[in-house]
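Q: Submitted below is the structure of interest, expressed as structure tokens.
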Amino acid sequence: MKIAILPGDGIGPEIVAQAVRVLDKLKADGLPVETVTVPLGGAAYDQYGEPYPDATRDAVRAADAILLGAVGGPQYDTLPRDKRPERGLLAIRKDLGLFGNLRPAMLYPELAGASTLKPEVVAGLDIMIVRELTGDIYFGQPRGIHVNADGEREGFNTMRYSESEIRRIAKVAFDIAMKRNKKLCSVDKANVLECTEFWKEIVIDVAKQYPEVELSHMYVDNAAMQLVRNPKQFDVIVTGNIFGDILSDEASMLTGSIGMLPSASLDANNKGLYEPCHGSAPDIAGKNLANPLATILSLAMMMRYTFAREDVAKRIEGAVQAVLKKGYRTADIYEPGTEKVSCSGMGDAVVAAL
Ligand code: NAI
Ligand code: MG
């Protein structure tokens, strides 16, 4: 198991350090783990003047899986666009062809009070959003800011999907639906955007290979409403890059704690980049306050999707559930009556539970 570790910026190094302790424990128990640590984002800019330098590219290309903390921070916001940390992340996704972004939103029963929604609306919530990650308006050409024919400045981006891009993400989503409850909702805006009308047509075609999966379609504006009205109507959702970006953040907040949510970004051969859904949290960086559980749970997803080690994934998830049951909470999920712990304190608890 060749794993590249990319701590990144802000709280990245703190949370990744706890996940590495989990890896070390698994290694001590016999898991064949080999790691290499390289910078990405602002940390890479500081060292190499580039957010995605050659040394990092070589290391992630050679790895089977990548564990990332988060990138970005206010000190980098004034850099030219192509030097910014977020560019490093877009570049790594594109370079490795990580088109399949899996973002689960699940509510641990121990954290039922963390959601801002009524308990009965979110109790037992367990949905999976499959977001296409390397196409759509984020990458489509032409793009830019220019002076148009009328002499007025305008900004423009292009929503584009090729048939093969839609087919491969649809297959990922149907495969996941088959392993779960055989229910898939494809989200589009086919009533006004041709690109997503095409998306819907291709998803319907791919569905012919999955007769057991119950496929439905929803417009993105309605999906945004339904996610807060009755989120448990969904099981697996598949959608394009921009709708998926927005809906997956919305879905993650149904659980009330972005510090708990992992993600996976996969290529066609299950090589993957695993990272928490949250960012680099500059407001709490360097204070040993961050919740490392999203990063540790990302490691569990790595074991499940890249290494096909469901047993190890379950062991990690079981340890996380056990520490929650024991009442350990970082500040973001703290409630009176539980025991507040630091980032490294939570790492201690997980390693002990393992
Ligand atoms: P953020 O997710 O970093 O923070 C939002 C809020 O959640 C903050 O109050 C933060 O303290 C809290 N939070 C986040 N993770 C936490 C954790 N593990 N434990 C406890 N609290 C946590 O989003 P924000 O503030 O919009 O962005 C900050 C920076 O992160 C920006 O530079 C942004 O570009 C970058 N970012 C990077 C991402 C990535 O690397 N994948 C994703 C999102 C943002
Ligand atoms: Mg986002």
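By convention here, the chains of the structure tokens are called A, B, ... in the order presented, each chain's residues are numbered starting at 1, and ligands are numbered starting at 1 in the order presented.
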Would you name the residues within 9 Å of ligand 1, counting only C-alpha atoms and all ligand atoms, and put them as JSON, numbers by chain?

A: {"A": [8, 9, 10, 11, 12, 15, 41, 68, 69, 70, 71, 72, 73, 74, 75, 76, 77, 85, 86, 89, 257, 258, 259, 260, 261, 275, 276, 277, 278, 279, 280, 281, 282, 283, 284, 285, 289, 290, 291, 292, 293, 294, 295, 330, 331, 332, 333, 343]}

Q: Given a cut-off of 7 Å, what residues near ligand 2 show up using only C-alpha atoms and all ligand atoms, put as a PyMOL selection string?

A: chain A and resi 245-246+249

Q: Would you mind reading off the distance between CA of Pro119 (chain A) and CA of Met218 (chain A), one decimal, in Å?

A: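 For CA of Pro119 (chain A) relative to CA of Met218 (chain A), the distance reads 25.1 Å.
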
Q: Can you tell me which residues surround Lys314 (chain A) at a distance of at most 10 Å, considering only C-alpha atoms, apart from same-chain residues fewer than 2 positions away, and format the answer as a PyMOL selection string?

A: chain A and resi 297+300-301+303-304+309-312+316-320

Q: Considering only C-alpha atoms, can you say which of A:Met302, A:Val172, A:Ala112, A:Met159 comes closest to Met128 (chain A)?

A: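 Looking at the shortest contact to Met128 (chain A), the residue is A:Val172.
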
Q: So which bits of region 240-282 of chain A end up alpha helix (DSSP H) when you DSSP the backbone, as a PyMOL selection string?

A: chain A and resi 241-254

Q: Store the residues picked out above in a file with C-alpha atoms, as a compact mmCIF listing (two decimals), in the first residue's frame.

A:
# COMPACT_ATOMS: atom_id res chain seq x y z
CA ASN A 241 -19.17 19.16 -10.89
CA ILE A 242 -20.79 22.48 -9.99
CA PHE A 243 -24.17 21.13 -8.81
CA GLY A 244 -22.28 18.46 -6.86
CA ASP A 245 -20.03 21.02 -5.23
CA ILE A 246 -23.00 22.95 -3.89
CA LEU A 247 -25.29 20.02 -3.03
CA SER A 248 -22.55 18.06 -1.27
CA ASP A 249 -21.74 21.02 0.98
CA GLU A 250 -25.44 21.42 1.69
CA ALA A 251 -25.80 17.70 2.45
CA SER A 252 -22.75 17.71 4.71
CA MET A 253 -24.33 20.41 6.85
CA LEU A 254 -27.43 18.27 7.43

Q: Find, counting only C-alpha atoms, the residue in A:Leu98, A:Ala264, A:Leu273, A:Met346 that gets nearest to Arg21 (chain A).

A: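 The answer is A:Met346, which sits nearest to Arg21 (chain A).
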
Q: Taking 6 positions as the minimum chain separation for residues in the same chain, which residues sit within 10 Å of Leu26 (chain A) when counting only C-alpha atoms? Answer as a list in words.

A: Val20, Pro32, Val33, Val312, Arg315, Ile316, Val351 and Leu354 of chain A

Q: Write out the residues from the selection above, keeping N, CA and C atoms, as a PDB file, in the first residue's frame.

A:
ATOM      1  N   VAL A  20      -1.999   9.775  10.439  1.00  0.00           N
ATOM      2  CA  VAL A  20      -0.750   9.024  10.276  1.00  0.00           C
ATOM      3  C   VAL A  20      -0.506   8.129  11.499  1.00  0.00           C
ATOM      4  N   PRO A  32       0.635  -3.730   5.198  1.00  0.00           N
ATOM      5  CA  PRO A  32       1.858  -3.395   4.453  1.00  0.00           C
ATOM      6  C   PRO A  32       1.852  -1.960   3.921  1.00  0.00           C
ATOM      7  N   VAL A  33       1.980  -1.012   4.805  1.00  0.00           N
ATOM      8  CA  VAL A  33       1.882   0.403   4.444  1.00  0.00           C
ATOM      9  C   VAL A  33       3.273   1.002   4.218  1.00  0.00           C
ATOM     10  N   VAL A 312     -10.457  -3.546   7.187  1.00  0.00           N
ATOM     11  CA  VAL A 312      -9.681  -2.459   7.802  1.00  0.00           C
ATOM     12  C   VAL A 312     -10.530  -1.186   7.876  1.00  0.00           C
ATOM     13  N   ARG A 315     -12.728  -1.481  10.727  1.00  0.00           N
ATOM     14  CA  ARG A 315     -11.991  -1.372  11.993  1.00  0.00           C
ATOM     15  C   ARG A 315     -11.782   0.098  12.350  1.00  0.00           C
ATOM     16  N   ILE A 316     -11.436   0.900  11.362  1.00  0.00           N
ATOM     17  CA  ILE A 316     -11.219   2.337  11.607  1.00  0.00           C
ATOM     18  C   ILE A 316     -12.550   3.005  11.972  1.00  0.00           C
ATOM     19  N   VAL A 351      -6.536   5.896  18.477  1.00  0.00           N
ATOM     20  CA  VAL A 351      -5.480   4.878  18.483  1.00  0.00           C
ATOM     21  C   VAL A 351      -5.742   3.865  19.616  1.00  0.00           C
ATOM     22  N   LEU A 354      -8.504   1.559  18.609  1.00  0.00           N
ATOM     23  CA  LEU A 354      -8.037   0.573  17.607  1.00  0.00           C
ATOM     24  C   LEU A 354      -7.369  -0.610  18.321  1.00  0.00           C
TER      25      LEU A 354
END

Q: Name the closest residue to Asp188 (chain A) among the candidates A:Asp24, A:Asp235, A:Asp46, A:Asp221; distances are taken between atoms, counting only C-alpha atoms.

A: A:Asp221

Q: Using DSSP on the backbone coordinates, identify all residues within region 2-186 of chain A classified as strand (DSSP E or B); present the result as JSON, numbers by chain.

A: {"A": [2, 3, 4, 5, 6, 7, 8, 34, 35, 36, 37, 65, 66, 67, 68, 69, 70, 100, 101, 102, 103, 104, 105, 106, 126, 127, 128, 129, 130, 131, 132, 144, 145, 146, 147, 153, 154, 155, 156, 183, 184, 185, 186]}

Q: For the residues in that selection, give me N, CA and C atoms as a compact mmCIF listing (two decimals), in the first residue's frame.

A:
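Result saved to out.txt:
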# COMPACT_ATOMS: atom_id res chain seq x y z
N LYS A 2 1.13 1.77 -1.21
CA LYS A 2 1.97 2.97 -1.31
C LYS A 2 1.10 4.20 -1.16
N ILE A 3 1.29 4.92 -0.08
CA ILE A 3 0.42 6.06 0.24
C ILE A 3 1.23 7.35 0.28
N ALA A 4 0.82 8.33 -0.52
CA ALA A 4 1.44 9.66 -0.47
C ALA A 4 0.66 10.50 0.53
N ILE A 5 1.37 11.14 1.44
CA ILE A 5 0.74 11.96 2.48
C ILE A 5 0.99 13.43 2.14
N LEU A 6 -0.10 14.20 2.00
CA LEU A 6 0.00 15.62 1.66
C LEU A 6 -0.67 16.44 2.77
N PRO A 7 0.09 16.87 3.76
CA PRO A 7 -0.52 17.58 4.89
C PRO A 7 -1.20 18.89 4.48
N GLY A 8 -0.58 19.64 3.56
CA GLY A 8 -1.20 20.88 3.10
C GLY A 8 -1.02 22.03 4.07
N GLU A 34 3.41 1.75 3.12
CA GLU A 34 4.64 2.53 2.87
C GLU A 34 4.20 3.95 2.61
N THR A 35 4.78 4.93 3.28
CA THR A 35 4.33 6.30 3.06
C THR A 35 5.46 7.22 2.61
N VAL A 36 5.07 8.26 1.87
CA VAL A 36 6.01 9.32 1.52
C VAL A 36 5.24 10.63 1.73
N THR A 37 5.89 11.63 2.32
CA THR A 37 5.22 12.89 2.63
C THR A 37 5.73 14.01 1.72
N ALA A 65 -2.48 5.53 -3.46
CA ALA A 65 -3.52 6.36 -2.84
C ALA A 65 -2.85 7.56 -2.19
N ILE A 66 -3.64 8.61 -2.03
CA ILE A 66 -3.12 9.87 -1.49
C ILE A 66 -4.02 10.30 -0.35
N LEU A 67 -3.40 10.72 0.75
CA LEU A 67 -4.16 11.30 1.85
C LEU A 67 -3.81 12.77 1.94
N LEU A 68 -4.83 13.63 1.82
CA LEU A 68 -4.62 15.08 1.84
C LEU A 68 -5.33 15.70 3.04
N GLY A 69 -4.68 16.69 3.65
CA GLY A 69 -5.34 17.46 4.70
C GLY A 69 -6.26 18.48 4.06
N ALA A 70 -5.77 19.67 3.83
CA ALA A 70 -6.53 20.72 3.13
C ALA A 70 -5.53 21.76 2.68
N GLY A 100 -14.18 10.84 -10.08
CA GLY A 100 -15.31 10.35 -9.28
C GLY A 100 -15.20 10.75 -7.82
N ASN A 101 -15.96 11.76 -7.43
CA ASN A 101 -15.88 12.28 -6.07
C ASN A 101 -17.04 11.71 -5.23
N LEU A 102 -16.68 10.96 -4.21
CA LEU A 102 -17.70 10.36 -3.35
C LEU A 102 -17.75 11.11 -2.04
N ARG A 103 -18.92 11.67 -1.76
CA ARG A 103 -19.07 12.40 -0.50
C ARG A 103 -20.26 11.88 0.29
N PRO A 104 -19.98 11.04 1.27
CA PRO A 104 -21.07 10.56 2.11
C PRO A 104 -21.51 11.66 3.07
N ALA A 105 -22.78 11.69 3.38
CA ALA A 105 -23.26 12.53 4.48
C ALA A 105 -24.03 11.61 5.40
N MET A 106 -23.41 11.31 6.53
CA MET A 106 -24.13 10.45 7.47
C MET A 106 -24.07 11.02 8.86
N ASP A 126 -28.13 8.71 5.90
CA ASP A 126 -26.94 8.06 5.32
C ASP A 126 -27.08 8.15 3.81
N ILE A 127 -26.57 9.24 3.24
CA ILE A 127 -26.66 9.38 1.79
C ILE A 127 -25.26 9.52 1.19
N MET A 128 -25.16 9.20 -0.08
CA MET A 128 -23.87 9.30 -0.77
C MET A 128 -24.03 10.16 -2.01
N ILE A 129 -23.27 11.25 -2.05
CA ILE A 129 -23.30 12.09 -3.25
C ILE A 129 -22.10 11.75 -4.12
N VAL A 130 -22.39 11.43 -5.38
CA VAL A 130 -21.34 11.14 -6.35
C VAL A 130 -21.26 12.34 -7.28
N ARG A 131 -20.16 13.07 -7.15
CA ARG A 131 -19.97 14.31 -7.90
C ARG A 131 -18.89 14.11 -8.96
N GLU A 132 -19.19 14.47 -10.21
CA GLU A 132 -18.16 14.44 -11.25
C GLU A 132 -17.18 15.56 -10.94
N GLY A 144 -13.05 33.18 -19.19
CA GLY A 144 -12.23 34.36 -18.98
C GLY A 144 -13.03 35.59 -18.64
N ILE A 145 -12.33 36.72 -18.65
CA ILE A 145 -12.95 38.03 -18.44
C ILE A 145 -12.39 38.89 -19.58
N HIS A 146 -13.25 39.47 -20.39
CA HIS A 146 -12.74 40.25 -21.52
C HIS A 146 -13.70 41.41 -21.85
N VAL A 147 -13.32 42.19 -22.83
CA VAL A 147 -14.20 43.24 -23.32
C VAL A 147 -14.95 42.68 -24.52
N ARG A 153 -17.13 45.13 -20.41
CA ARG A 153 -16.43 43.98 -19.82
C ARG A 153 -17.43 42.92 -19.45
N GLU A 154 -17.05 41.63 -19.66
CA GLU A 154 -17.91 40.52 -19.24
C GLU A 154 -17.06 39.35 -18.79
N GLY A 155 -17.65 38.56 -17.90
CA GLY A 155 -17.01 37.32 -17.45
C GLY A 155 -17.76 36.15 -18.05
N PHE A 156 -17.07 35.06 -18.38
CA PHE A 156 -17.77 33.92 -18.99
C PHE A 156 -17.06 32.61 -18.69
N LYS A 183 -30.86 2.53 -5.31
CA LYS A 183 -31.68 3.72 -5.59
C LYS A 183 -30.74 4.84 -5.98
N LEU A 184 -30.96 5.43 -7.16
CA LEU A 184 -30.07 6.49 -7.63
C LEU A 184 -30.89 7.66 -8.16
N CYS A 185 -30.53 8.86 -7.74
CA CYS A 185 -31.18 10.06 -8.25
C CYS A 185 -30.15 10.88 -9.01
N SER A 186 -30.41 11.14 -10.28
CA SER A 186 -29.52 11.96 -11.09
C SER A 186 -30.05 13.39 -11.09

Q: With a distance cut-off of 7 Å and only C-alpha atoms, select the neighbouring residues of Leu107 (chain A), excluding the residue or stretch itself and same-chain residues fewer than 6 positions from it, and output the selection as a VMD selection string.

A: chain A and resid 123 to 126 255

Q: Ranking A:Tyr334, A:Phe234, A:Tyr210, A:Trp199 by minimum distance to Val122 (chain A) and counting only C-alpha atoms, which one comes first?

A: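 The shortest atom-to-atom distance to Val122 (chain A) comes from A:Phe234.
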
Q: Using only C-alpha atoms, which of the listed residues (A:Lys94, A:Lys271, A:Lys208, A:Lys287) sits closest to Phe174 (chain A)?

A: A:Lys208

Q: Nearest residue to Val38 (chain A) out of A:Tyr108, A:Phe139, A:Tyr161, A:Tyr52, using only C-alpha atoms?

A: A:Tyr52

Q: Work out how far CA of Thr158 (chain A) is from CA of Asp205 (chain A), in Å to one decimal.

A: 24.5 Å

Q: Using only C-alpha atoms, which protein or nucleic acid residues come within 9 Å of Gly97 (chain A)? Drop anything in the same chain fewer than 3 positions from it, and give the result as a ChimeraX atom specification.

A: /A:92-94,100,133-134,266-268
